[in-house]
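A.B. asks: Sharing protein.cif, mmCIF, C-alpha atoms and all ligand atoms:
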```cif
data_run
#
loop_
_atom_site.label_atom_id
_atom_site.label_comp_id
_atom_site.auth_asym_id
_atom_site.auth_seq_id
_atom_site.Cartn_x
_atom_site.Cartn_y
_atom_site.Cartn_z
CA MET A 1 63.12 2.44 -53.94
CA ALA A 2 61.94 -1.14 -54.05
CA GLN A 3 62.27 -1.42 -50.29
CA GLN A 4 60.28 1.71 -49.74
CA THR A 5 57.50 0.35 -51.90
CA SER A 6 57.32 -2.83 -49.89
CA GLN A 7 57.25 -0.90 -46.61
CA LEU A 8 54.41 1.26 -47.86
CA HIS A 9 52.72 -1.86 -48.93
CA GLU A 10 52.92 -3.52 -45.57
CA GLU A 11 51.39 -0.62 -43.70
CA LEU A 12 48.61 -0.44 -46.24
CA LEU A 13 48.12 -4.20 -46.00
CA TRP A 14 47.80 -4.11 -42.21
CA ASN A 15 45.25 -1.31 -42.52
CA LEU A 16 43.24 -3.35 -44.97
CA LEU A 17 43.45 -6.43 -42.76
CA GLN A 18 42.08 -4.32 -39.91
CA GLU A 19 38.88 -4.10 -41.98
CA ILE A 20 38.41 -7.86 -42.12
CA LYS A 21 36.15 -9.00 -39.34
CA ASP A 22 36.09 -12.30 -37.54
CA PRO A 23 33.41 -14.24 -39.50
CA GLU A 24 31.74 -15.35 -36.27
CA ILE A 25 32.00 -12.09 -34.30
CA PRO A 26 31.52 -9.34 -36.87
CA VAL A 27 32.42 -6.44 -34.54
CA ILE A 28 36.04 -7.46 -34.06
CA SER A 29 38.73 -7.66 -36.69
CA MET A 30 41.17 -10.50 -37.18
CA VAL A 31 43.95 -8.06 -36.30
CA GLU A 32 42.29 -7.17 -32.97
CA MET A 33 41.77 -10.88 -32.29
CA GLY A 34 45.54 -11.26 -32.57
CA MET A 35 45.14 -13.73 -35.40
CA ILE A 36 47.42 -12.00 -37.91
CA HIS A 37 50.95 -13.05 -37.09
CA ASP A 38 52.83 -11.60 -40.04
CA VAL A 39 52.33 -9.87 -43.35
CA SER A 40 54.99 -9.51 -45.99
CA ALA A 41 55.10 -8.42 -49.59
CA GLU A 42 57.68 -9.24 -52.19
CA ASP A 43 57.49 -8.82 -55.95
CA GLY A 44 53.73 -8.50 -55.85
CA VAL A 45 53.28 -11.64 -53.76
CA VAL A 46 51.67 -10.99 -50.41
CA THR A 47 52.03 -13.60 -47.69
CA VAL A 48 49.79 -13.50 -44.64
CA ASP A 49 50.47 -15.79 -41.68
CA VAL A 50 47.29 -16.41 -39.72
CA LEU A 51 47.04 -18.09 -36.32
CA PRO A 52 43.70 -19.91 -36.05
CA THR A 53 41.96 -19.47 -32.72
CA PHE A 54 40.85 -23.10 -32.78
CA VAL A 55 42.30 -25.94 -34.86
CA GLY A 56 38.79 -27.07 -35.60
CA CYS A 57 37.51 -23.62 -36.54
CA PRO A 58 35.09 -24.09 -39.44
CA ALA A 59 35.56 -20.47 -40.54
CA LEU A 60 39.14 -20.82 -41.81
CA ASP A 61 38.13 -21.09 -45.45
CA ILE A 62 35.96 -18.00 -45.11
CA MET A 63 38.91 -16.09 -43.61
CA ARG A 64 41.22 -17.22 -46.39
CA GLY A 65 38.67 -16.05 -48.95
CA ALA A 66 38.17 -12.67 -47.26
CA ILE A 67 41.92 -11.99 -47.00
CA THR A 68 42.59 -13.04 -50.57
CA GLU A 69 39.79 -10.87 -51.88
CA LYS A 70 40.70 -7.80 -49.83
CA LEU A 71 44.45 -7.80 -50.45
CA GLY A 72 44.16 -9.14 -53.97
CA SER A 73 42.41 -5.92 -55.03
CA VAL A 74 45.46 -3.78 -54.15
CA THR A 75 47.27 -2.41 -57.19
CA GLY A 76 50.49 -4.28 -57.79
CA VAL A 77 49.48 -7.40 -55.87
CA ARG A 78 49.44 -10.41 -58.19
CA GLU A 79 49.10 -13.15 -55.62
CA VAL A 80 47.95 -13.54 -52.00
CA ARG A 81 49.16 -16.49 -49.98
CA VAL A 82 47.44 -17.29 -46.69
CA ASN A 83 49.21 -19.67 -44.33
CA PHE A 84 47.57 -21.04 -41.21
CA LEU A 85 50.21 -21.58 -38.54
CA PHE A 86 50.05 -23.41 -35.22
CA GLU A 87 53.48 -22.25 -34.13
CA PRO A 88 53.37 -19.84 -32.45
CA ALA A 89 49.98 -20.99 -31.22
CA TRP A 90 47.20 -18.44 -30.91
CA SER A 91 46.21 -17.82 -27.35
CA SER A 92 43.49 -15.62 -25.89
CA GLU A 93 46.29 -13.41 -24.48
CA ARG A 94 46.73 -12.09 -28.02
CA ILE A 95 43.38 -10.26 -28.11
CA SER A 96 44.08 -6.52 -27.97
CA ASP A 97 42.53 -4.12 -25.45
CA GLU A 98 40.41 -2.55 -28.20
CA GLY A 99 39.35 -6.05 -29.14
CA ARG A 100 38.31 -6.81 -25.58
CA ASP A 101 36.19 -3.65 -25.41
CA LYS A 102 34.50 -4.49 -28.68
CA LEU A 103 33.72 -8.00 -27.53
CA ARG A 104 32.08 -6.63 -24.38
CA GLN A 105 30.01 -4.16 -26.40
CA PHE A 106 28.86 -7.08 -28.54
CA GLY A 107 27.77 -8.97 -25.40
CA ILE A 108 30.65 -11.43 -25.31
CA ALA A 109 32.85 -11.52 -22.22
CA PRO A 110 36.54 -11.52 -23.18
CA PRO A 111 38.78 -14.24 -21.78
CA PRO A 112 40.81 -13.42 -18.65
CA ARG A 113 44.42 -12.37 -18.96
CA GLN A 114 47.14 -14.66 -17.61
CA TYR A 115 44.95 -17.72 -17.49
CA LYS A 116 46.50 -20.91 -16.11
CA PRO A 117 45.25 -23.95 -18.03
CA GLY A 118 42.99 -26.22 -16.03
CA GLU A 119 42.04 -23.57 -13.49
CA PRO A 120 38.54 -22.13 -13.19
CA TRP A 121 38.29 -18.55 -14.36
CA GLN A 122 36.05 -15.72 -13.31
CA VAL A 123 33.83 -14.14 -15.93
CA ASP A 124 32.29 -10.71 -15.42
CA CYS A 125 29.00 -9.91 -17.11
CA PRO A 126 29.66 -7.88 -20.29
CA TYR A 127 26.44 -5.91 -19.73
CA CYS A 128 26.60 -4.84 -16.08
CA GLY A 129 30.10 -5.90 -15.05
CA SER A 130 28.87 -8.07 -12.20
CA PRO A 131 31.09 -11.00 -11.21
CA CYS A 132 27.96 -12.92 -10.07
CA THR A 133 27.68 -15.15 -13.10
CA THR A 134 27.12 -18.87 -13.56
CA MET A 135 28.39 -21.16 -16.30
CA GLU A 136 25.35 -22.57 -18.08
CA ASN A 137 27.14 -24.40 -20.85
CA LEU A 138 30.88 -24.72 -21.37
CA PHE A 139 30.25 -25.18 -25.09
CA GLY A 140 28.25 -22.51 -26.88
CA PRO A 141 27.34 -22.31 -30.57
CA ALA A 142 31.04 -22.56 -31.40
CA ALA A 143 33.71 -24.58 -29.61
CA CYS A 144 35.54 -21.38 -28.64
CA ARG A 145 32.56 -19.92 -26.74
CA SER A 146 30.67 -20.71 -23.54
CA ILE A 147 27.19 -19.65 -22.43
CA LEU A 148 26.80 -17.97 -19.04
CA TYR A 149 24.05 -16.28 -17.04
CA CYS A 150 24.28 -13.08 -15.03
CA LYS A 151 22.50 -13.28 -11.67
CA GLN A 152 22.68 -9.49 -11.29
CA CYS A 153 21.03 -8.24 -14.49
CA ARG A 154 19.54 -11.62 -15.42
CA ASN A 155 20.93 -11.72 -18.92
CA PRO A 156 22.35 -14.75 -20.60
CA PHE A 157 25.60 -14.01 -22.41
CA GLU A 158 28.51 -15.67 -24.15
CA ALA A 159 32.17 -15.73 -23.15
CA LEU A 160 35.28 -16.60 -25.12
CA LYS A 161 37.14 -19.47 -23.55
CA PRO A 162 40.66 -18.80 -22.31
CA ILE A 163 43.10 -20.82 -24.40
CA MET B 1 72.30 -35.74 -43.78
CA ILE B 2 68.84 -35.36 -42.31
CA ASP B 3 68.40 -35.45 -38.56
CA TYR B 4 65.49 -37.84 -38.00
CA SER B 5 64.96 -36.71 -34.46
CA ARG B 6 63.81 -33.31 -35.77
CA VAL B 7 62.03 -33.43 -39.09
CA GLN B 8 60.89 -29.94 -39.87
CA SER B 9 58.82 -30.33 -43.02
CA ALA B 10 56.90 -32.68 -45.25
CA GLN B 11 59.65 -32.36 -47.88
CA LEU B 12 62.25 -33.67 -45.46
CA ALA B 13 60.00 -36.49 -44.24
CA MET B 14 59.50 -37.60 -47.83
CA GLN B 15 63.22 -38.16 -48.34
CA ASN B 16 63.22 -41.28 -46.19
CA ALA B 17 60.76 -43.95 -47.37
CA ALA B 18 60.71 -45.84 -44.06
CA TYR B 19 60.14 -42.69 -42.01
CA LEU B 20 57.43 -41.53 -44.39
CA LEU B 21 55.62 -44.86 -44.20
CA ALA B 22 55.57 -44.91 -40.39
CA LEU B 23 54.54 -41.26 -40.21
CA LYS B 24 51.65 -41.68 -42.65
CA GLU B 25 50.43 -44.76 -40.82
CA LEU B 26 50.39 -42.83 -37.54
CA LEU B 27 48.62 -39.83 -39.08
CA PHE B 28 45.92 -42.12 -40.47
CA GLN B 29 45.36 -43.53 -36.97
CA LEU B 30 45.04 -40.05 -35.49
CA ALA B 31 42.88 -38.64 -38.27
CA ASP B 32 40.59 -41.65 -38.63
CA ASP B 33 39.95 -41.88 -34.86
CA ASP B 34 38.84 -38.25 -34.76
CA PHE B 35 36.95 -38.39 -38.03
CA ILE B 36 34.86 -41.45 -37.24
CA LEU B 37 34.12 -40.46 -33.64
CA ALA B 38 33.11 -36.96 -34.81
CA TYR B 39 30.79 -38.61 -37.33
CA ARG B 40 29.19 -40.70 -34.57
CA GLY B 41 28.87 -37.49 -32.56
CA SER B 42 27.14 -35.72 -35.44
CA GLU B 43 24.55 -38.53 -35.47
CA TRP B 44 23.45 -37.35 -32.04
CA LEU B 45 22.34 -33.99 -33.43
CA GLY B 46 18.84 -33.26 -32.13
CA LEU B 47 18.82 -36.37 -29.93
CA ALA B 48 20.87 -35.33 -26.90
CA PRO B 49 19.03 -35.19 -23.54
CA HIS B 50 18.49 -31.42 -23.67
CA ILE B 51 19.04 -28.46 -25.95
CA GLU B 52 22.16 -27.20 -24.15
CA GLU B 53 23.77 -30.59 -24.49
CA ASP B 54 22.79 -30.69 -28.14
CA VAL B 55 24.66 -27.43 -28.69
CA ALA B 56 27.67 -28.57 -26.65
CA PHE B 57 27.93 -32.01 -28.24
CA SER B 58 27.72 -30.66 -31.78
CA SER B 59 30.38 -28.01 -30.98
CA ILE B 60 32.67 -30.74 -29.70
CA ALA B 61 31.97 -33.00 -32.68
CA GLN B 62 32.66 -30.11 -35.06
CA ASP B 63 35.91 -29.26 -33.32
CA THR B 64 36.97 -32.91 -33.41
CA MET B 65 36.11 -33.03 -37.10
CA GLY B 66 38.35 -29.97 -37.52
CA HIS B 67 41.21 -31.86 -35.91
CA ALA B 68 40.69 -34.67 -38.42
CA VAL B 69 40.72 -32.16 -41.29
CA ILE B 70 44.10 -30.75 -40.25
CA LEU B 71 45.54 -34.26 -39.97
CA TYR B 72 44.21 -35.26 -43.41
CA GLU B 73 45.75 -32.07 -44.79
CA MET B 74 49.08 -33.09 -43.29
CA LEU B 75 48.71 -36.40 -45.10
CA GLU B 76 47.92 -34.55 -48.32
CA GLU B 77 51.14 -32.59 -47.89
CA LEU B 78 52.97 -35.91 -47.58
CA GLY B 79 51.61 -37.06 -50.91
CA ALA B 80 48.90 -39.40 -49.57
CA GLY B 81 46.19 -37.87 -51.76
CA LYS B 82 43.61 -35.10 -51.47
CA ALA B 83 42.37 -34.54 -47.91
CA ASP B 84 38.68 -34.74 -48.88
CA ASP B 85 39.28 -37.94 -50.82
CA LEU B 86 41.16 -39.47 -47.91
CA ALA B 87 38.16 -38.88 -45.68
CA GLN B 88 35.46 -39.84 -48.14
CA LEU B 89 36.74 -42.20 -50.81
CA ARG B 90 38.86 -44.79 -49.05
CA ASN B 91 37.57 -48.31 -48.46
CA PRO B 92 36.90 -49.58 -44.93
CA GLU B 93 40.07 -51.71 -44.93
CA ASP B 94 42.14 -48.56 -45.55
CA PHE B 95 40.90 -46.98 -42.32
CA ARG B 96 43.15 -47.19 -39.25
CA ASN B 97 40.73 -46.04 -36.55
CA ALA B 98 40.20 -48.10 -33.41
CA ILE B 99 37.08 -50.28 -33.20
CA LEU B 100 35.79 -48.26 -30.24
CA VAL B 101 35.09 -45.14 -32.31
CA GLU B 102 33.23 -46.90 -35.11
CA ARG B 103 30.55 -48.65 -33.03
CA ARG B 104 26.98 -47.52 -33.60
CA ASN B 105 25.50 -45.13 -31.05
CA GLY B 106 22.90 -47.72 -30.15
CA ALA B 107 19.91 -49.45 -31.69
CA GLY B 108 18.08 -48.03 -34.71
CA GLU B 109 19.18 -45.62 -37.42
CA TYR B 110 19.58 -41.86 -37.21
CA LEU B 111 16.62 -41.22 -39.48
CA GLU B 112 14.58 -44.18 -38.31
CA ASN B 113 13.84 -45.06 -34.69
CA PRO B 114 17.14 -44.02 -33.15
CA HIS B 115 17.29 -45.60 -29.69
CA TYR B 116 20.75 -44.37 -28.89
CA ASP B 117 22.46 -45.00 -25.59
CA TRP B 118 23.41 -41.74 -23.87
CA ALA B 119 25.47 -43.48 -21.20
CA TYR B 120 27.46 -45.18 -23.95
CA ALA B 121 28.08 -41.80 -25.63
CA ILE B 122 29.45 -40.45 -22.36
CA ALA B 123 31.54 -43.53 -21.56
CA ARG B 124 33.00 -43.72 -25.07
CA ASN B 125 33.76 -40.02 -25.46
CA TYR B 126 35.29 -39.79 -22.03
CA SER B 127 37.49 -42.88 -22.41
CA TYR B 128 38.61 -41.80 -25.86
CA GLY B 129 39.18 -38.21 -24.74
CA LEU B 130 41.39 -39.35 -21.91
CA PHE B 131 43.44 -41.41 -24.35
CA LYS B 132 43.62 -38.56 -26.84
CA GLN B 133 44.95 -36.30 -24.10
CA ILE B 134 47.75 -38.75 -23.34
CA ARG B 135 48.49 -39.34 -27.01
CA LEU B 136 48.66 -35.58 -27.71
CA GLU B 137 51.00 -35.08 -24.75
CA SER B 138 53.26 -37.73 -26.21
CA LEU B 139 53.10 -36.10 -29.65
CA HIS B 140 54.46 -32.85 -28.15
CA ASN B 141 57.84 -34.59 -28.41
CA SER B 142 57.26 -36.10 -31.85
CA SER B 143 60.21 -36.03 -34.23
CA TYR B 144 57.82 -34.72 -36.91
CA LEU B 145 57.73 -31.06 -35.89
CA PRO B 146 54.55 -30.04 -37.75
CA LEU B 147 52.74 -32.75 -35.77
CA ALA B 148 54.36 -31.69 -32.49
CA GLN B 149 53.21 -28.11 -33.09
CA VAL B 150 49.61 -28.90 -33.95
CA SER B 151 49.36 -31.36 -31.04
CA ARG B 152 50.00 -28.55 -28.55
CA LYS B 153 47.18 -26.47 -29.96
CA MET B 154 44.85 -29.47 -30.14
CA LEU B 155 45.50 -30.32 -26.50
CA THR B 156 44.28 -26.93 -25.27
CA GLU B 157 40.98 -27.63 -27.05
CA LEU B 158 40.73 -31.29 -26.12
CA ASN B 159 41.07 -30.40 -22.44
CA TYR B 160 37.72 -28.59 -22.68
CA HIS B 161 36.10 -31.60 -24.37
CA LEU B 162 37.45 -33.90 -21.72
CA PHE B 163 36.29 -31.63 -18.93
CA HIS B 164 32.78 -31.68 -20.42
CA TRP B 165 32.65 -35.49 -20.54
CA GLN B 166 34.10 -35.81 -17.09
CA VAL B 167 31.32 -33.62 -15.68
CA TRP B 168 28.83 -36.00 -17.32
CA ILE B 169 30.52 -39.11 -15.95
CA ARG B 170 30.33 -37.69 -12.46
CA HIS B 171 26.77 -36.54 -13.06
CA LEU B 172 25.60 -40.03 -14.06
CA ALA B 173 27.62 -41.77 -11.35
CA GLU B 174 26.16 -39.60 -8.60
CA SER B 175 22.62 -39.43 -9.97
CA THR B 176 19.90 -42.10 -9.64
CA GLU B 177 20.59 -45.79 -9.27
CA GLU B 178 19.39 -46.38 -12.81
CA ALA B 179 21.76 -43.75 -14.24
CA ARG B 180 24.66 -45.34 -12.44
CA ARG B 181 23.72 -48.84 -13.54
CA ARG B 182 23.49 -47.70 -17.16
CA LEU B 183 26.83 -45.92 -16.91
CA GLU B 184 28.49 -49.04 -15.53
CA ALA B 185 26.96 -51.17 -18.30
CA ALA B 186 28.19 -48.66 -20.90
CA LEU B 187 31.70 -48.69 -19.43
CA GLU B 188 31.73 -52.50 -19.69
CA LYS B 189 30.77 -52.21 -23.35
CA VAL B 190 33.52 -49.64 -23.93
CA TRP B 191 36.04 -51.85 -22.16
CA ASP B 192 35.18 -54.76 -24.49
CA ASP B 193 36.52 -52.72 -27.43
CA ILE B 194 39.05 -50.32 -26.08
CA GLY B 195 42.08 -52.63 -26.30
CA ASP B 196 43.06 -51.72 -29.86
CA LEU B 197 42.87 -47.99 -29.13
CA PHE B 198 46.32 -48.33 -27.57
CA SER B 199 47.68 -50.33 -30.48
CA LEU B 200 49.97 -48.54 -32.91
CA GLY B 201 49.44 -51.25 -35.51
CA PRO B 202 51.92 -53.29 -37.56
CA LEU B 203 54.44 -50.43 -37.81
CA ALA B 204 54.50 -49.73 -34.06
CA ALA B 205 58.22 -50.44 -33.65
CA HIS B 206 59.14 -48.10 -36.52
CA MET B 207 57.00 -45.30 -35.12
CA VAL B 208 58.72 -45.56 -31.76
CA ASN B 209 62.22 -45.93 -33.22
CA PHE B 210 61.73 -42.86 -35.37
CA GLY B 211 60.64 -40.92 -32.27
CA LEU B 212 57.19 -40.21 -33.70
CA ILE B 213 55.28 -41.23 -30.56
CA ALA B 214 55.75 -43.10 -27.25
CA GLY B 215 55.28 -46.88 -27.22
CA GLU B 216 51.96 -48.68 -26.74
CA GLU B 217 52.77 -49.92 -23.24
CA LEU B 218 53.64 -46.47 -22.00
CA LEU B 219 50.49 -44.90 -23.47
CA LEU B 220 48.33 -47.62 -21.92
CA GLN B 221 50.04 -47.27 -18.57
CA ARG B 222 49.54 -43.51 -18.44
CA TRP B 223 45.91 -43.90 -19.49
CA LYS B 224 45.27 -46.42 -16.72
CA GLU B 225 46.93 -44.21 -14.11
CA LYS B 226 44.87 -41.16 -15.01
CA GLY B 227 41.66 -43.13 -15.47
CA LYS B 228 41.96 -44.90 -12.13
CA GLU B 229 42.54 -41.60 -10.38
CA VAL B 230 39.36 -40.09 -11.85
CA PHE B 231 37.25 -43.22 -11.25
CA HIS B 232 38.43 -43.33 -7.68
CA SER B 233 37.57 -39.67 -7.07
CA ILE B 234 34.04 -40.31 -8.39
CA GLY B 235 33.62 -43.55 -6.47
CA LEU B 236 33.38 -45.67 -9.62
CA GLU B 237 34.88 -49.11 -9.72
CA TRP B 238 37.71 -49.47 -12.24
CA PRO B 239 36.50 -51.99 -14.85
CA GLY B 240 39.86 -53.75 -15.01
CA ASP B 241 42.26 -54.15 -17.89
CA PRO B 242 40.96 -53.11 -21.33
CA ARG B 243 39.85 -56.03 -23.48
CA VAL B 244 40.92 -56.44 -27.08
CA PRO B 245 38.17 -56.71 -29.70
CA GLN B 246 38.18 -59.43 -32.38
CA GLN B 247 39.25 -57.02 -35.08
CA ASN B 248 42.31 -54.79 -34.96
CA GLY B 249 41.31 -51.47 -36.46
CA ARG B 250 44.95 -50.36 -36.63
CA ALA B 251 45.57 -53.22 -39.06
CA GLY B 252 42.58 -52.29 -41.22
CA GLU B 253 40.22 -54.87 -39.73
CA HIS B 254 36.78 -53.41 -39.03
CA THR B 255 33.20 -54.23 -38.14
CA ASP B 256 30.14 -53.75 -40.33
CA ASP B 257 29.45 -50.62 -38.29
CA LEU B 258 32.31 -48.84 -40.06
CA VAL B 259 31.11 -50.03 -43.47
CA GLN B 260 27.70 -48.56 -42.70
CA ALA B 261 29.19 -45.30 -41.36
CA LEU B 262 31.38 -44.75 -44.42
CA ALA B 263 28.57 -45.56 -46.83
CA THR B 264 26.36 -42.95 -45.12
CA LEU B 265 28.88 -40.19 -44.60
CA SER B 266 30.34 -40.30 -48.09
CA GLU B 267 27.11 -40.88 -50.00
CA VAL B 268 26.81 -37.30 -51.21
CA TYR B 269 30.52 -36.83 -51.88
CA ARG B 270 30.70 -39.98 -53.98
CA LEU B 271 27.94 -38.71 -56.26
CA ASP B 272 30.29 -36.02 -57.53
CA PRO B 273 33.69 -35.64 -55.85
CA THR B 274 34.40 -32.48 -57.88
CA ALA B 275 31.32 -30.57 -56.67
CA LYS B 276 31.94 -27.41 -54.64
CA TRP B 277 29.97 -26.94 -51.43
ZN ZN C 301 24.88 -8.55 -15.75
#
```
Could you show the structure in this file as structure tokens?

C.D. replies:
Amino acid sequence: MAQQTSQLHEELLWNLLQEIKDPEIPVISMVEMGMIHDVSAEDGVVTVDVLPTFVGCPALDIMRGAITEKLGSVTGVREVRVNFLFEPAWSSERISDEGRDKLRQFGIAPPPRQYKPGEPWQVDCPYCGSPCTTMENLFGPAACRSILYCKQCRNPFEALKPI
Amino acid sequence: MIDYSRVQSAQLAMQNAAYLLALKELLFQLADDDFILAYRGSEWLGLAPHIEEDVAFSSIAQDTMGHAVILYEMLEELGAGKADDLAQLRNPEDFRNAILVERRNGAGEYLENPHYDWAYAIARNYSYGLFKQIRLESLHNSSYLPLAQVSRKMLTELNYHLFHWQVWIRHLAESTEEARRRLEAALEKVWDDIGDLFSLGPLAAHMVNFGLIAGEELLLQRWKEKGKEVFHSIGLEWPGDPRVPQQNGRAGEHTDDLVQALATLSEVYRLDPTAKW
């Protein structure tokens, strides 16, 4: 019986986590970003292991707050523990296909799959899909984003860096 | 019996006083380097040559500050005190950063007649970034596993910082004669200070014996190899061996520039360390 409760819990907890958006890109959830590594519940204590996208991400405290608030409101949960882990390290490979679509719809080009560190990567325009884009600024408003320009539809746009 | 070639947690590290001491000393070097350089970077806000660079530089400074935060938190876990207090309430002689990162950005004050030297910003950030890359690569094999783990993640980010500064170095070197002259002058100024960046301080031998990091000579050698390669590819003359400044930051000796930086950056925090922001 106890085990069943905890299983129910975990599914519910994942569903709730799906509702928590990335504080900097409000269309995509932390689950879709591949940031939630593990969720477990035992005796009313919920533990969430989160993989930060960037070590220096200033939004970590906001994420901790959002997770604690969301899961803390579930009946039977007396404590929420949020751990930030660097092993395994988050990589842009972890972003789900749904996540990639949502990023594009938001005007942010998703990072390429199977990126080899140090190599240049091609970025297609999230608006028109053209590969004719130029890197305007490797560092955008956040360290994880770059600013590019599409020569086809003449829109500036942002791209997530492959990591 | 604890295996000191693989220390998996703060609790285990704290069971050996000598290991703990060497580890904390190293973490202070890593954290203070990033913290102080990020502070100097934040003083460029609004002053960079163009708006795109302003955005890029502040992103990099913020990310570097984030690296410092994680390292201070690791120190907190090791019983060194609260992370915020470690950053804001220590005295200058408790800081272990290299002299290079504490130097002012140039003449004037941030709020009053800042006549900062852009070439110096490039030369300093690039030289430091190259060293940080080599140091992080060495930390991948650190006996303190939490540090080895975070160093891998940090390296993926640092590589982007370094790439950015390298583009600038090339840009200045291949631009007008004046730009190149200023870059060379800035590199000379960096070289005057950079010697103690490679120092591991008074506990160097312990750090190496405990497998926390590679030795000073090896770090310096790798830095020179990589640096020479890049300088050569850009057509810049290698400024020779790094020179050692009067003070050794790793031993807690600092210039008035650090005193000024700490007084400014912690002014608000010191008013009320318990305030929530
Ligand atoms: Zn387009």

A.B. asks: Which residues are near range 46-55 of chain A? Cut-off 7 Å, all atoms listed in the file, ignore same chain within fewer than 4 positions. Put them as a PyMOL selection string.

C.D. replies: (chain A and resi 35-42+77+79-86+89-90+144) or (chain B and resi 66-67+153-154)

A.B. asks: Could you take the residues named above and write them with C-alpha atoms, as an mmCIF file, in the frame of the given file?

C.D. replies:
```
data_model
loop_
_atom_site.group_PDB
_atom_site.id
_atom_site.type_symbol
_atom_site.label_atom_id
_atom_site.label_comp_id
_atom_site.auth_asym_id
_atom_site.auth_seq_id
_atom_site.Cartn_x
_atom_site.Cartn_y
_atom_site.Cartn_z
ATOM 1 C CA MET A 35 45.140 -13.730 -35.400
ATOM 2 C CA ILE A 36 47.420 -12.000 -37.910
ATOM 3 C CA HIS A 37 50.950 -13.050 -37.090
ATOM 4 C CA ASP A 38 52.830 -11.600 -40.040
ATOM 5 C CA VAL A 39 52.330 -9.870 -43.350
ATOM 6 C CA SER A 40 54.990 -9.510 -45.990
ATOM 7 C CA ALA A 41 55.100 -8.420 -49.590
ATOM 8 C CA GLU A 42 57.680 -9.240 -52.190
ATOM 9 C CA VAL A 77 49.480 -7.400 -55.870
ATOM 10 C CA GLU A 79 49.100 -13.150 -55.620
ATOM 11 C CA VAL A 80 47.950 -13.540 -52.000
ATOM 12 C CA ARG A 81 49.160 -16.490 -49.980
ATOM 13 C CA VAL A 82 47.440 -17.290 -46.690
ATOM 14 C CA ASN A 83 49.210 -19.670 -44.330
ATOM 15 C CA PHE A 84 47.570 -21.040 -41.210
ATOM 16 C CA LEU A 85 50.210 -21.580 -38.540
ATOM 17 C CA PHE A 86 50.050 -23.410 -35.220
ATOM 18 C CA ALA A 89 49.980 -20.990 -31.220
ATOM 19 C CA TRP A 90 47.200 -18.440 -30.910
ATOM 20 C CA CYS A 144 35.540 -21.380 -28.640
ATOM 21 C CA GLY B 66 38.350 -29.970 -37.520
ATOM 22 C CA HIS B 67 41.210 -31.860 -35.910
ATOM 23 C CA LYS B 153 47.180 -26.470 -29.960
ATOM 24 C CA MET B 154 44.850 -29.470 -30.140
#
```

A.B. asks: If we count all atoms listed in the file, what is near range 268-275 of chain B at a cut-off of 10 Å, once residues fewer than 2 positions away on the same chain are taken out, given as a list in words?

C.D. replies: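 What passes the distance filter is Asp84, Asp85, Gln88, Leu89, Ala263, Thr264, Leu265, Ser266 and Trp277 of chain B.
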
A.B. asks: Wanna dump the chain B-chain A contacts at 12 Å for me, each residue with its shortest atom pair and the distance in Å to one decimal, counting all atoms listed in the file, ordered by chain and number, as a tab-separated table?

C.D. replies:
```
residue	atom	partner	partner_atom	distance
B:Asp34	CA	A:Gly56	CA	11.2
B:Phe35	CA	A:Gly56	CA	11.7
B:Ala38	CA	A:Gly56	CA	11.4
B:His50	CA	A:Asn137	CA	11.5
B:Ile51	CA	A:Asn137	CA	10.4
B:Glu52	CA	A:Asn137	CA	6.6
B:Glu53	CA	A:Asn137	CA	7.9
B:Asp54	CA	A:Phe139	CA	9.8
B:Val55	CA	A:Pro141	CA	6.1
B:Ala56	CA	A:Phe139	CA	4.5
B:Phe57	CA	A:Phe139	CA	7.9
B:Ser58	CA	A:Pro141	CA	8.4
B:Ser59	CA	A:Ala143	CA	5.0
B:Ile60	CA	A:Ala143	CA	6.2
B:Ala61	CA	A:Ala143	CA	9.1
B:Gln62	CA	A:Gly56	CA	6.9
B:Asp63	CA	A:Gly56	CA	4.3
B:Thr64	CA	A:Gly56	CA	6.5
B:Met65	CA	A:Gly56	CA	6.7
B:Gly66	CA	A:Gly56	CA	3.5
B:His67	CA	A:Gly56	CA	5.4
B:Ala68	CA	A:Gly56	CA	8.3
B:Val69	CA	A:Gly56	CA	7.9
B:Ile70	CA	A:Val55	CA	7.4
B:Leu71	CA	A:Val55	CA	10.3
B:Glu73	CA	A:Phe84	CA	11.7
B:Leu145	CA	A:Glu87	CA	9.9
B:Pro146	CA	A:Phe86	CA	8.4
B:Leu147	CA	A:Phe86	CA	9.7
B:Ala148	CA	A:Glu87	CA	9.6
B:Gln149	CA	A:Glu87	CA	6.0
B:Val150	CA	A:Phe86	CA	5.7
B:Ser151	CA	A:Phe86	CA	9.0
B:Arg152	CA	A:Ala89	CA	8.0
B:Lys153	CA	A:Ala89	CA	6.3
B:Met154	CA	A:Val55	CA	6.4
B:Leu155	CA	A:Val55	CA	10.0
B:Thr156	CA	A:Ile163	CA	6.3
B:Glu157	CA	A:Phe54	CA	7.3
B:Leu158	CA	A:Ala143	CA	10.3
B:Asn159	CA	A:Gly118	CA	7.9
B:Tyr160	CA	A:Leu138	CA	8.0
B:His161	CA	A:Phe139	CA	8.7
B:Leu162	CA	A:Gly118	CA	11.0
B:Phe163	CA	A:Gly118	CA	9.1
B:His164	CA	A:Leu138	CA	7.3
B:Trp165	CA	A:Leu138	CA	10.9
B:Val167	CA	A:Leu138	CA	10.6
B:Trp277	CA	A:Asp61	CA	11.7
```

A.B. asks: Using only C-alpha atoms, can you tell me which of B:Glu77, B:Glu43, B:Glu93, B:Glu174 comes closest to Tyr110 in chain B?

C.D. replies: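 The answer is B:Glu43, which sits nearest to Tyr110 in chain B.
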
A.B. asks: Write out as a PyMOL selection string each polymer residue whose atoms come within 10 Å of Val31 in chain A, counting all atoms listed in the file; drop sequence neighbours fewer than 3 positions from it.

C.D. replies: chain A and resi 14-22+28+34-37+50+94-96+99
